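Participant: So that you have it, the file is protein_2.cif, and it contains mmCIF, C-alpha atoms:
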```
data_structure
#
loop_
_atom_site.group_PDB
_atom_site.id
_atom_site.type_symbol
_atom_site.label_atom_id
_atom_site.label_comp_id
_atom_site.auth_asym_id
_atom_site.auth_seq_id
_atom_site.Cartn_x
_atom_site.Cartn_y
_atom_site.Cartn_z
ATOM 1 C CA MET A 680 0.000 0.000 0.000
ATOM 2 C CA ILE A 681 1.304 3.437 -0.878
ATOM 3 C CA ARG A 682 0.332 6.525 1.037
ATOM 4 C CA SER A 683 1.404 9.973 0.170
ATOM 5 C CA ALA A 684 1.305 13.354 1.689
ATOM 6 C CA VAL A 685 1.004 16.999 0.870
ATOM 7 C CA TRP A 686 1.510 20.454 2.277
ATOM 8 C CA GLY A 687 -1.752 22.219 2.289
ATOM 9 C CA ARG A 688 -5.445 22.049 2.763
ATOM 10 C CA ARG A 689 -6.126 18.909 0.773
ATOM 11 C CA LEU A 690 -4.145 16.138 -0.868
ATOM 12 C CA TRP A 691 -5.279 13.680 -3.469
ATOM 13 C CA ILE A 692 -2.652 11.128 -4.314
ATOM 14 C CA GLY A 693 -3.168 8.085 -6.447
ATOM 15 C CA GLY A 694 -0.719 5.272 -5.981
ATOM 16 C CA ALA A 695 -1.282 1.637 -6.944
ATOM 17 C CA GLY A 696 -4.952 2.426 -7.364
ATOM 18 C CA TRP A 697 -5.275 3.980 -3.912
ATOM 19 C CA ILE A 698 -6.362 7.594 -3.456
ATOM 20 C CA VAL A 699 -5.622 9.523 -0.298
ATOM 21 C CA VAL A 700 -7.590 12.572 0.736
ATOM 22 C CA ALA A 701 -6.014 14.892 3.288
ATOM 23 C CA ALA A 702 -3.061 12.628 3.703
ATOM 24 C CA ALA A 703 0.137 13.829 4.893
ATOM 25 C CA VAL A 704 3.166 16.335 1.026
ATOM 26 C CA LEU A 705 5.400 14.570 1.713
ATOM 27 C CA LEU A 706 4.503 11.773 3.895
ATOM 28 C CA GLY A 707 3.126 8.462 3.375
ATOM 29 C CA LEU A 708 5.460 7.329 0.699
ATOM 30 C CA GLY A 709 7.128 5.170 3.232
ATOM 31 C CA SER A 710 9.417 7.784 4.724
ATOM 32 C CA MET A 711 8.472 11.178 3.387
ATOM 33 C CA PRO A 712 6.849 13.785 5.662
ATOM 34 C CA LEU A 713 4.142 15.990 4.213
ATOM 35 C CA VAL A 714 1.167 17.618 5.683
ATOM 36 C CA GLY A 715 -2.369 17.578 4.465
ATOM 37 C CA GLN A 716 -5.067 19.928 5.590
ATOM 38 C CA ALA A 717 -8.729 19.055 5.252
ATOM 39 C CA ALA A 718 -11.855 21.039 5.981
ATOM 40 C CA GLN A 719 -14.103 19.552 8.649
ATOM 41 C CA ASP A 720 -17.192 17.782 7.362
ATOM 42 C CA THR A 721 -20.615 18.372 8.830
ATOM 43 C CA ALA A 722 -24.041 17.014 8.029
ATOM 44 C CA ALA A 723 -24.574 20.018 5.789
ATOM 45 C CA GLY A 724 -21.289 19.468 3.980
ATOM 46 C CA PRO A 725 -17.750 20.826 4.382
ATOM 47 C CA GLU A 726 -17.499 23.863 6.624
ATOM 48 C CA PRO A 727 -14.274 25.838 6.425
ATOM 49 C CA SER A 728 -12.519 26.506 9.706
ATOM 50 C CA LYS A 729 -11.637 29.981 10.873
ATOM 51 C CA MET A 730 -7.901 30.528 10.640
ATOM 52 C CA MET A 731 -5.900 31.313 13.751
ATOM 53 C CA ALA A 732 -4.646 34.870 14.210
ATOM 54 C CA VAL A 733 -1.397 35.158 12.268
ATOM 55 C CA ASN A 734 0.439 36.617 15.281
ATOM 56 C CA ALA A 735 -0.528 33.681 17.521
ATOM 57 C CA HIS A 736 2.134 31.263 18.781
ATOM 58 C CA PRO A 737 0.284 28.058 19.648
ATOM 59 C CA GLU A 738 1.354 24.877 21.341
ATOM 60 C CA PHE A 739 -0.559 21.672 21.923
ATOM 61 C CA GLU A 740 -3.213 22.113 24.581
ATOM 62 C CA VAL A 741 -3.039 18.376 25.241
ATOM 63 C CA ALA A 742 -1.047 15.980 23.068
ATOM 64 C CA THR A 743 -1.230 12.199 22.943
ATOM 65 C CA ILE A 744 1.910 10.329 21.852
ATOM 66 C CA LYS A 745 1.917 6.564 21.425
ATOM 67 C CA PRO A 746 3.975 3.980 19.507
ATOM 68 C CA SER A 747 2.660 3.375 16.007
ATOM 69 C CA ASP A 748 1.058 0.135 14.908
ATOM 70 C CA PRO A 749 3.981 -1.834 13.404
ATOM 71 C CA ASN A 750 1.638 -3.114 10.693
ATOM 72 C CA ASN A 751 1.131 0.410 9.328
ATOM 73 C CA ASP A 752 3.268 1.242 6.307
ATOM 74 C CA GLY A 753 2.139 4.799 5.615
ATOM 75 C CA VAL A 754 3.381 8.028 7.151
ATOM 76 C CA ASP A 755 1.464 11.276 7.356
ATOM 77 C CA PHE A 756 1.051 14.650 8.983
ATOM 78 C CA ARG A 757 -2.540 15.908 9.061
ATOM 79 C CA ASN A 758 -4.301 19.139 9.936
ATOM 80 C CA GLU A 759 -8.053 18.627 9.944
ATOM 81 C CA GLY A 760 -9.483 21.898 11.167
ATOM 82 C CA ARG A 761 -8.049 22.351 14.669
ATOM 83 C CA HIS A 762 -7.144 18.676 14.901
ATOM 84 C CA VAL A 763 -3.412 18.131 14.346
ATOM 85 C CA SER A 764 -1.941 14.633 14.138
ATOM 86 C CA THR A 765 0.845 12.471 12.765
ATOM 87 C CA HIS A 766 0.926 8.761 12.043
ATOM 88 C CA ASN A 767 3.898 6.407 11.850
ATOM 89 C CA THR A 768 6.463 9.201 12.150
ATOM 90 C CA THR A 769 10.030 8.964 13.444
ATOM 91 C CA VAL A 770 11.654 11.686 15.500
ATOM 92 C CA ILE A 771 13.796 12.529 12.461
ATOM 93 C CA ALA A 772 10.591 13.026 10.424
ATOM 94 C CA LEU A 773 9.139 15.246 13.166
ATOM 95 C CA ILE A 774 12.295 17.379 13.285
ATOM 96 C CA SER A 775 12.398 17.538 9.490
ATOM 97 C CA TYR A 776 8.871 18.923 9.322
ATOM 98 C CA ALA A 777 9.054 21.123 12.426
ATOM 99 C CA TYR A 778 12.203 22.921 11.257
ATOM 100 C CA GLY A 779 11.774 22.635 7.484
ATOM 101 C CA VAL A 780 14.983 20.713 6.791
ATOM 102 C CA HIS A 781 15.917 17.654 4.748
ATOM 103 C CA GLY A 782 16.693 14.470 6.665
ATOM 104 C CA LYS A 783 20.341 14.827 5.588
ATOM 105 C CA GLN A 784 20.440 18.134 7.451
ATOM 106 C CA ILE A 785 19.922 16.342 10.788
ATOM 107 C CA ALA A 786 22.920 14.785 12.538
ATOM 108 C CA GLY A 787 23.592 12.994 15.821
ATOM 109 C CA GLY A 788 21.215 11.297 18.206
ATOM 110 C CA PRO A 789 20.695 7.610 19.030
ATOM 111 C CA GLU A 790 19.667 5.092 16.402
ATOM 112 C CA TRP A 791 16.050 4.913 17.595
ATOM 113 C CA VAL A 792 15.315 8.471 16.399
ATOM 114 C CA SER A 793 15.408 7.051 12.860
ATOM 115 C CA THR A 794 13.638 3.757 13.535
ATOM 116 C CA SER A 795 11.051 4.110 16.328
ATOM 117 C CA LYS A 796 7.729 5.427 15.021
ATOM 118 C CA TYR A 797 5.018 7.331 16.841
ATOM 119 C CA ASP A 798 1.474 8.634 16.424
ATOM 120 C CA THR A 799 0.760 12.090 17.844
ATOM 121 C CA ASP A 800 -2.613 13.757 18.250
ATOM 122 C CA GLY A 801 -3.931 16.978 19.742
ATOM 123 C CA VAL A 802 -5.360 20.467 19.314
ATOM 124 C CA PRO A 803 -3.742 23.895 19.726
ATOM 125 C CA ASP A 804 -4.209 25.986 22.870
ATOM 126 C CA VAL A 805 -5.229 28.996 20.761
ATOM 127 C CA ALA A 806 -8.574 29.445 19.007
ATOM 128 C CA GLY A 807 -8.711 28.878 15.265
ATOM 129 C CA GLU A 808 -7.027 26.647 12.697
ATOM 130 C CA PRO A 809 -3.214 26.913 12.654
ATOM 131 C CA ASN A 810 -1.409 27.712 9.428
ATOM 132 C CA MET A 811 1.635 25.719 8.377
ATOM 133 C CA LYS A 812 4.174 27.822 10.273
ATOM 134 C CA GLN A 813 2.035 27.668 13.407
ATOM 135 C CA THR A 814 1.719 23.895 13.058
ATOM 136 C CA GLN A 815 5.505 23.665 12.754
ATOM 137 C CA GLU A 816 5.828 25.762 15.908
ATOM 138 C CA MET A 817 3.503 23.356 17.733
ATOM 139 C CA TYR A 818 5.765 20.443 16.803
ATOM 140 C CA GLN A 819 8.881 22.363 17.818
ATOM 141 C CA LYS A 820 7.417 22.823 21.293
ATOM 142 C CA LEU A 821 6.217 19.210 21.423
ATOM 143 C CA LEU A 822 9.715 17.928 20.593
ATOM 144 C CA ALA A 823 11.253 20.090 23.327
ATOM 145 C CA ASP A 824 8.621 19.271 25.953
ATOM 146 C CA ARG A 825 7.888 15.592 25.428
ATOM 147 C CA PHE A 826 11.058 14.323 23.697
ATOM 148 C CA LYS A 827 13.390 16.662 25.634
ATOM 149 C CA LEU A 828 15.045 17.601 22.352
ATOM 150 C CA THR A 829 17.951 20.014 22.474
ATOM 151 C CA PHE A 830 20.246 20.752 19.542
ATOM 152 C CA HIS A 831 22.569 23.268 18.021
ATOM 153 C CA HIS A 832 23.033 24.552 14.475
ATOM 154 C CA GLU A 833 26.134 24.158 12.359
ATOM 155 C CA LYS A 834 26.972 25.184 8.828
ATOM 156 C CA ARG A 835 28.329 22.338 6.729
ATOM 157 C CA GLU A 836 29.073 21.934 3.064
ATOM 158 C CA LEU A 837 26.608 19.426 1.665
ATOM 159 C CA PRO A 838 25.546 18.143 -1.745
ATOM 160 C CA VAL A 839 22.349 20.096 -2.529
ATOM 161 C CA TYR A 840 20.091 20.985 -5.409
ATOM 162 C CA ALA A 841 19.984 24.703 -6.141
ATOM 163 C CA LEU A 842 16.730 26.009 -7.615
ATOM 164 C CA THR A 843 17.195 28.953 -9.963
ATOM 165 C CA VAL A 844 15.145 30.740 -12.622
ATOM 166 C CA GLY A 845 15.703 29.469 -16.179
ATOM 167 C CA LYS A 846 16.957 31.643 -19.025
ATOM 168 C CA SER A 847 13.424 32.317 -20.316
ATOM 169 C CA GLY A 848 12.099 33.368 -16.906
ATOM 170 C CA PRO A 849 9.580 31.718 -14.574
ATOM 171 C CA LYS A 850 6.309 30.298 -15.917
ATOM 172 C CA LEU A 851 4.418 30.611 -12.653
ATOM 173 C CA THR A 852 1.058 32.248 -11.982
ATOM 174 C CA LYS A 853 0.790 34.664 -9.066
ATOM 175 C CA SER A 854 -1.667 33.161 -6.591
ATOM 176 C CA GLN A 855 -4.914 34.921 -5.707
ATOM 177 C CA GLY A 856 -5.283 32.843 -2.535
ATOM 178 C CA ASP A 857 -5.169 33.992 1.070
ATOM 179 C CA PRO A 858 -1.586 35.165 1.714
ATOM 180 C CA ASN A 859 -1.933 33.950 5.314
ATOM 181 C CA GLY A 860 -3.656 30.694 4.391
ATOM 182 C CA LEU A 861 -2.236 27.228 3.978
ATOM 183 C CA PRO A 862 -0.373 26.271 0.825
ATOM 184 C CA ASP A 863 -1.889 23.541 -1.347
ATOM 185 C CA GLN A 864 0.390 20.953 -2.927
ATOM 186 C CA ASN A 865 -1.568 17.989 -4.226
ATOM 187 C CA PHE A 866 -0.146 14.895 -5.894
ATOM 188 C CA THR A 867 -2.974 14.297 -8.351
ATOM 189 C CA GLN A 868 -1.073 11.453 -10.030
ATOM 190 C CA PHE A 869 1.479 9.189 -8.435
ATOM 191 C CA SER A 870 2.961 6.100 -10.053
ATOM 192 C CA ALA A 871 6.211 4.672 -11.391
ATOM 193 C CA ASN A 872 5.417 6.271 -14.754
ATOM 194 C CA LEU A 873 4.052 9.653 -13.721
ATOM 195 C CA ILE A 874 4.101 12.078 -10.826
ATOM 196 C CA GLU A 875 1.840 15.113 -11.170
ATOM 197 C CA LEU A 876 2.068 17.811 -8.522
ATOM 198 C CA SER A 877 -0.479 20.629 -8.458
ATOM 199 C CA VAL A 878 0.807 23.615 -6.484
ATOM 200 C CA SER A 879 -1.307 26.572 -5.396
ATOM 201 C CA ASN A 880 -1.021 29.434 -2.905
ATOM 202 C CA SER A 881 2.556 28.339 -2.237
ATOM 203 C CA THR A 882 5.821 30.176 -1.765
ATOM 204 C CA ILE A 883 8.993 28.804 -3.318
ATOM 205 C CA ALA A 884 10.021 27.775 0.211
ATOM 206 C CA ASP A 885 6.789 25.771 0.573
ATOM 207 C CA PHE A 886 7.453 24.065 -2.747
ATOM 208 C CA LEU A 887 11.040 23.192 -1.822
ATOM 209 C CA LEU A 888 9.951 21.832 1.545
ATOM 210 C CA ALA A 889 7.662 19.412 -0.257
ATOM 211 C CA MET A 890 10.182 18.502 -2.957
ATOM 212 C CA GLN A 891 12.929 17.716 -0.477
ATOM 213 C CA TYR A 892 11.025 14.549 0.388
ATOM 214 C CA VAL A 893 11.105 13.502 -3.245
ATOM 215 C CA LEU A 894 14.771 14.225 -3.803
ATOM 216 C CA ASP A 895 17.848 12.623 -2.307
ATOM 217 C CA ARG A 896 19.497 15.821 -1.084
ATOM 218 C CA PRO A 897 18.499 19.194 0.422
ATOM 219 C CA LEU A 898 17.357 22.074 -1.764
ATOM 220 C CA VAL A 899 18.288 25.740 -1.627
ATOM 221 C CA ASP A 900 16.337 28.618 -3.138
ATOM 222 C CA ARG A 901 18.322 30.858 -5.456
ATOM 223 C CA THR A 902 15.355 32.085 -7.518
ATOM 224 C CA GLY A 903 14.843 35.405 -5.751
ATOM 225 C CA LEU A 904 11.092 34.915 -6.250
ATOM 226 C CA ALA A 905 8.835 36.332 -3.521
ATOM 227 C CA GLY A 906 5.098 35.849 -2.999
ATOM 228 C CA ARG A 907 2.835 32.857 -3.619
ATOM 229 C CA TYR A 908 2.284 30.981 -6.858
ATOM 230 C CA ASP A 909 0.078 28.470 -8.658
ATOM 231 C CA PHE A 910 1.606 25.971 -11.094
ATOM 232 C CA LEU A 911 1.602 22.351 -12.236
ATOM 233 C CA LEU A 912 4.548 19.982 -12.520
ATOM 234 C CA LYS A 913 4.452 16.587 -14.260
ATOM 235 C CA TRP A 914 7.422 14.275 -14.569
ATOM 236 C CA THR A 915 8.506 10.688 -15.008
ATOM 237 C CA PRO A 916 10.362 9.735 -11.812
ATOM 238 C CA ASP A 917 13.599 7.828 -11.708
ATOM 239 C CA GLU A 918 14.762 5.146 -9.312
ATOM 240 C CA SER A 919 16.753 7.558 -7.132
ATOM 241 C CA GLN A 920 13.630 9.589 -6.361
ATOM 242 C CA PHE A 921 11.667 6.548 -5.272
ATOM 243 C CA GLY A 922 14.596 5.548 -3.089
ATOM 244 C CA ALA A 923 14.544 8.958 -1.408
ATOM 245 C CA MET A 924 10.854 8.449 -0.657
ATOM 246 C CA GLY A 925 11.394 5.042 0.829
ATOM 247 C CA ILE A 926 9.242 3.152 -1.681
ATOM 248 C CA ARG A 927 9.950 0.538 -4.267
ATOM 249 C CA PHE A 928 8.117 0.305 -7.572
ATOM 250 C CA SER A 929 8.621 -2.032 -10.462
ATOM 251 C CA PRO A 930 10.712 -0.317 -13.161
ATOM 252 C CA PRO A 931 8.553 2.106 -15.149
ATOM 253 C CA SER A 932 7.581 1.117 -18.639
ATOM 254 C CA ASN A 933 9.008 3.137 -21.518
ATOM 255 C CA ASN A 934 6.190 5.487 -22.467
ATOM 256 C CA PRO A 935 7.144 7.630 -25.487
ATOM 257 C CA ASN A 936 4.237 9.960 -24.697
ATOM 258 C CA GLY A 937 5.128 10.369 -21.030
ATOM 259 C CA PRO A 938 6.572 13.555 -19.541
ATOM 260 C CA PRO A 939 10.343 14.026 -19.220
ATOM 261 C CA GLY A 940 12.330 13.540 -16.052
ATOM 262 C CA LEU A 941 12.079 16.053 -13.226
ATOM 263 C CA PHE A 942 15.078 18.188 -14.160
ATOM 264 C CA THR A 943 13.857 18.706 -17.723
ATOM 265 C CA ALA A 944 10.179 18.981 -16.764
ATOM 266 C CA ILE A 945 10.670 21.771 -14.247
ATOM 267 C CA GLN A 946 12.498 23.853 -16.885
ATOM 268 C CA GLU A 947 10.041 23.262 -19.707
ATOM 269 C CA GLN A 948 6.847 23.557 -17.668
ATOM 270 C CA ASP A 949 7.704 26.087 -14.969
ATOM 271 C CA GLY A 950 10.763 27.986 -16.157
ATOM 272 C CA LEU A 951 12.838 26.853 -13.193
ATOM 273 C CA LYS A 952 16.110 24.940 -13.036
ATOM 274 C CA LEU A 953 17.502 22.387 -10.584
ATOM 275 C CA GLU A 954 21.267 22.019 -10.464
ATOM 276 C CA ALA A 955 23.338 19.622 -8.346
ATOM 277 C CA VAL A 956 25.966 21.630 -6.456
ATOM 278 C CA LYS A 957 27.760 21.744 -3.127
ATOM 279 C CA ALA A 958 26.836 24.558 -0.795
ATOM 280 C CA GLN A 959 26.896 25.606 2.828
ATOM 281 C CA ALA A 960 23.700 24.387 4.484
ATOM 282 C CA ASP A 961 22.249 24.624 7.958
ATOM 283 C CA VAL A 962 22.558 21.356 9.897
ATOM 284 C CA ILE A 963 20.658 20.520 13.084
ATOM 285 C CA VAL A 964 22.951 18.547 15.415
ATOM 286 C CA ILE A 965 21.055 16.678 18.136
ATOM 287 C CA ASP A 966 22.596 17.213 21.592
ATOM 288 C CA LYS A 967 19.954 15.390 23.623
ATOM 289 C CA VAL A 968 16.739 13.505 22.966
ATOM 290 C CA GLU A 969 14.650 11.106 25.044
ATOM 291 C CA ARG A 970 11.844 8.730 24.284
ATOM 292 C CA PRO A 971 8.556 10.590 24.777
ATOM 293 C CA SER A 972 7.148 11.065 28.222
ATOM 294 C CA ALA A 973 3.885 9.370 29.136
ATOM 295 C CA ASN A 974 0.590 11.000 28.134
#
```
Reformat the file's structure so that it appears as structure tokens.
Facilitator:
Amino acid sequence: MIRSAVWGRRLWIGGAGWIVVAAAVLLGLGSMPLVGQAAQDTAAGPEPSKMMAVNAHPEFEVATIKPSDPNNDGVDFRNEGRHVSTHNTTVIALISYAYGVHGKQIAGGPEWVSTSKYDTDGVPDVAGEPNMKQTQEMYQKLLADRFKLTFHHEKRELPVYALTVGKSGPKLTKSQGDPNGLPDQNFTQFSANLIELSVSNSTIADFLLAMQYVLDRPLVDRTGLAGRYDFLLKWTPDESQFGAMGIRFSPPSNNPNGPPGLFTAIQEQDGLKLEAVKAQADVIVIDKVERPSAN
């Protein structure tokens, strides 16, 4: 079974005939963390939640943490209205999402931070639905309080992908969405032959945070593009990308009508360019971490 994830209000991902709604961008592909946001359903139909004040700094009012079911093979981060939860997530995945870094930007710590998996569940202590940054802040506080996480930052030279603007300029549409709302990044197609990512109301940073779970190294933004954008990206994945996501597919069939690989697709479709380089990157070095305290 393949689960996938997405940053934003709603994620539809098809994999092996399975569609996920409000699953975790990035998560659920075996090891990728993403977050999906879904409107709450009522008898009268979906009712949008009121967003939290943008200057609020929430934490979990009460949070439940328990070991994941070992039979579960998906991973996700979900925001469903005020309800915030994760499923089958390691501490490394929690740190990756909470601080917006690639797994290769996290160093140190005992082996269990990469192997032991947990489910977390709770609501914020502030009225309203948290945006993505506020959700990240909630997890930062949860890691410090319940996992006793302490760390320091270092700058290290790492292999990264630099995102720049192509020679012909960006082919992105300025978003008309709520500038304080959640980004939407939905995998509308997901298979060994095609990945289709629909992006809306997203900054370049939001996009890179999602893509770092697809790629095998961190990404850095060198586009200079501000604001939020809407765009579509379709590509034929290669084996290295599936490896980064922790999933294994049968080799894709040769489809002459299929889209190109990611590096060509992002240039042709969106006017952006990914280049493999070495660069100084922020690294989180774990000084201390403990298994979570009891609920």
Participant: In Å to one decimal, how far is atom CA of Met817 of chain A from atom CA of Lys729 of chain A?
Facilitator: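 Atom CA of Met817 of chain A lies 17.9 Å from atom CA of Lys729 of chain A.
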Participant: Quick one: apply the PyMOL selection byres ((chain A and resi 961) around 12) to the file and drop the selected residues here as a list in words.
Facilitator: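 On this input, the PyMOL selection byres ((chain A and resi 961) around 12) captures Tyr778, Gly779, Val780, His781, Gly782, Lys783, Gln784, Ile785, Ala786, His831, His832, Glu833, Lys834, Arg835, Glu836, Leu837, Val839, Pro897, Leu898, Val899, Ala958, Gln959, Ala960, Val962, Ile963 and Val964 of chain A.
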Participant: For the PyMOL selection byres ((chain A and resi 730) around 7), applied here, can you spell out every residue it catches as a ChimeraX atom specification?
Facilitator: /A:728-729,731-732,807-809
Participant: Write out the residues from the selection above, keeping C-alpha atoms, as a PDB file, in the coordinates of the input.
Facilitator:
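Writing done, so here's out-v1.pdb:
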```pdb
ATOM      1  CA  SER A 728     -12.519  26.506   9.706  1.00  0.00           C
ATOM      2  CA  LYS A 729     -11.637  29.981  10.873  1.00  0.00           C
ATOM      3  CA  MET A 731      -5.900  31.313  13.751  1.00  0.00           C
ATOM      4  CA  ALA A 732      -4.646  34.870  14.210  1.00  0.00           C
ATOM      5  CA  GLY A 807      -8.711  28.878  15.265  1.00  0.00           C
ATOM      6  CA  GLU A 808      -7.027  26.647  12.697  1.00  0.00           C
ATOM      7  CA  PRO A 809      -3.214  26.913  12.654  1.00  0.00           C
TER       8      PRO A 809
END
```
Participant: Please measure the separation of atom CA of Thr852 of chain A and atom CA of Ala777 of chain A, giving the value in Å to one decimal.
Facilitator: 28.0 Å
Participant: Looking at A:Lys913, A:Lys952, A:Arg901, A:Lys745, which one is nearest to Gly848 of chain A, with distances taken over only C-alpha atoms?
Facilitator: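 Using only C-alpha atoms, the shortest distance to Gly848 of chain A belongs to A:Lys952.
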Participant: I need the output of the PyMOL selection byres ((chain A and resi 796) around 7) for this file as a PyMOL selection string; which residues are they?
Facilitator: chain A and resi 746-747+767-769+794-795+797
Participant: Give me the residues near Asn880 of chain A as a ChimeraX atom specification, where near means some atom within 9 Å (using only C-alpha atoms) and where sequence neighbours in that chain fewer than 4 positions away do not count.
Facilitator: /A:687,853-858,860-864,906-909
Participant: Could I get segment 930-948 of chain A rebuilt with N, CA and C atoms, written as a CSV table (one decimal), in the coordinates of the input?
Facilitator:
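Everything below was put into part-v3.csv:
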```csv
chain,number,residue,atom,x,y,z
A,930,PRO,N,10.2,-1.3,-12.2
A,930,PRO,CA,10.7,-0.3,-13.2
A,930,PRO,C,9.6,0.2,-14.1
A,931,PRO,N,9.6,1.5,-14.3
A,931,PRO,CA,8.6,2.1,-15.1
A,931,PRO,C,8.7,1.6,-16.6
A,932,SER,N,7.6,1.5,-17.2
A,932,SER,CA,7.6,1.1,-18.6
A,932,SER,C,8.0,2.3,-19.5
A,933,ASN,N,8.6,2.1,-20.6
A,933,ASN,CA,9.0,3.1,-21.5
A,933,ASN,C,7.8,3.7,-22.2
A,934,ASN,N,7.4,4.9,-21.9
A,934,ASN,CA,6.2,5.5,-22.5
A,934,ASN,C,6.7,6.7,-23.3
A,935,PRO,N,6.6,6.5,-24.6
A,935,PRO,CA,7.1,7.6,-25.5
A,935,PRO,C,6.3,8.9,-25.4
A,936,ASN,N,5.1,8.8,-24.9
A,936,ASN,CA,4.2,10.0,-24.7
A,936,ASN,C,4.3,10.5,-23.3
A,937,GLY,N,5.1,9.9,-22.4
A,937,GLY,CA,5.1,10.4,-21.0
A,937,GLY,C,5.9,11.6,-20.9
A,938,PRO,N,5.8,12.3,-19.8
A,938,PRO,CA,6.6,13.6,-19.5
A,938,PRO,C,8.0,13.2,-19.3
A,939,PRO,N,8.9,14.2,-19.4
A,939,PRO,CA,10.3,14.0,-19.2
A,939,PRO,C,10.6,13.8,-17.7
A,940,GLY,N,11.9,13.6,-17.4
A,940,GLY,CA,12.3,13.5,-16.1
A,940,GLY,C,12.2,14.9,-15.3
A,941,LEU,N,12.3,14.9,-14.0
A,941,LEU,CA,12.1,16.1,-13.2
A,941,LEU,C,12.9,17.3,-13.7
A,942,PHE,N,14.2,17.1,-13.9
A,942,PHE,CA,15.1,18.2,-14.2
A,942,PHE,C,14.7,18.9,-15.5
A,943,THR,N,14.3,18.1,-16.5
A,943,THR,CA,13.9,18.7,-17.7
A,943,THR,C,12.5,19.3,-17.6
A,944,ALA,N,11.6,18.6,-16.9
A,944,ALA,CA,10.2,19.0,-16.8
A,944,ALA,C,10.1,20.3,-16.1
A,945,ILE,N,10.8,20.5,-15.0
A,945,ILE,CA,10.7,21.8,-14.2
A,945,ILE,C,11.1,23.0,-15.1
A,946,GLN,N,12.1,22.8,-16.0
A,946,GLN,CA,12.5,23.9,-16.9
A,946,GLN,C,11.4,24.1,-18.0
A,947,GLU,N,11.0,23.1,-18.6
A,947,GLU,CA,10.0,23.3,-19.7
A,947,GLU,C,8.7,23.8,-19.2
A,948,GLN,N,8.2,23.2,-18.1
A,948,GLN,CA,6.8,23.6,-17.7
A,948,GLN,C,6.8,24.8,-16.8
```
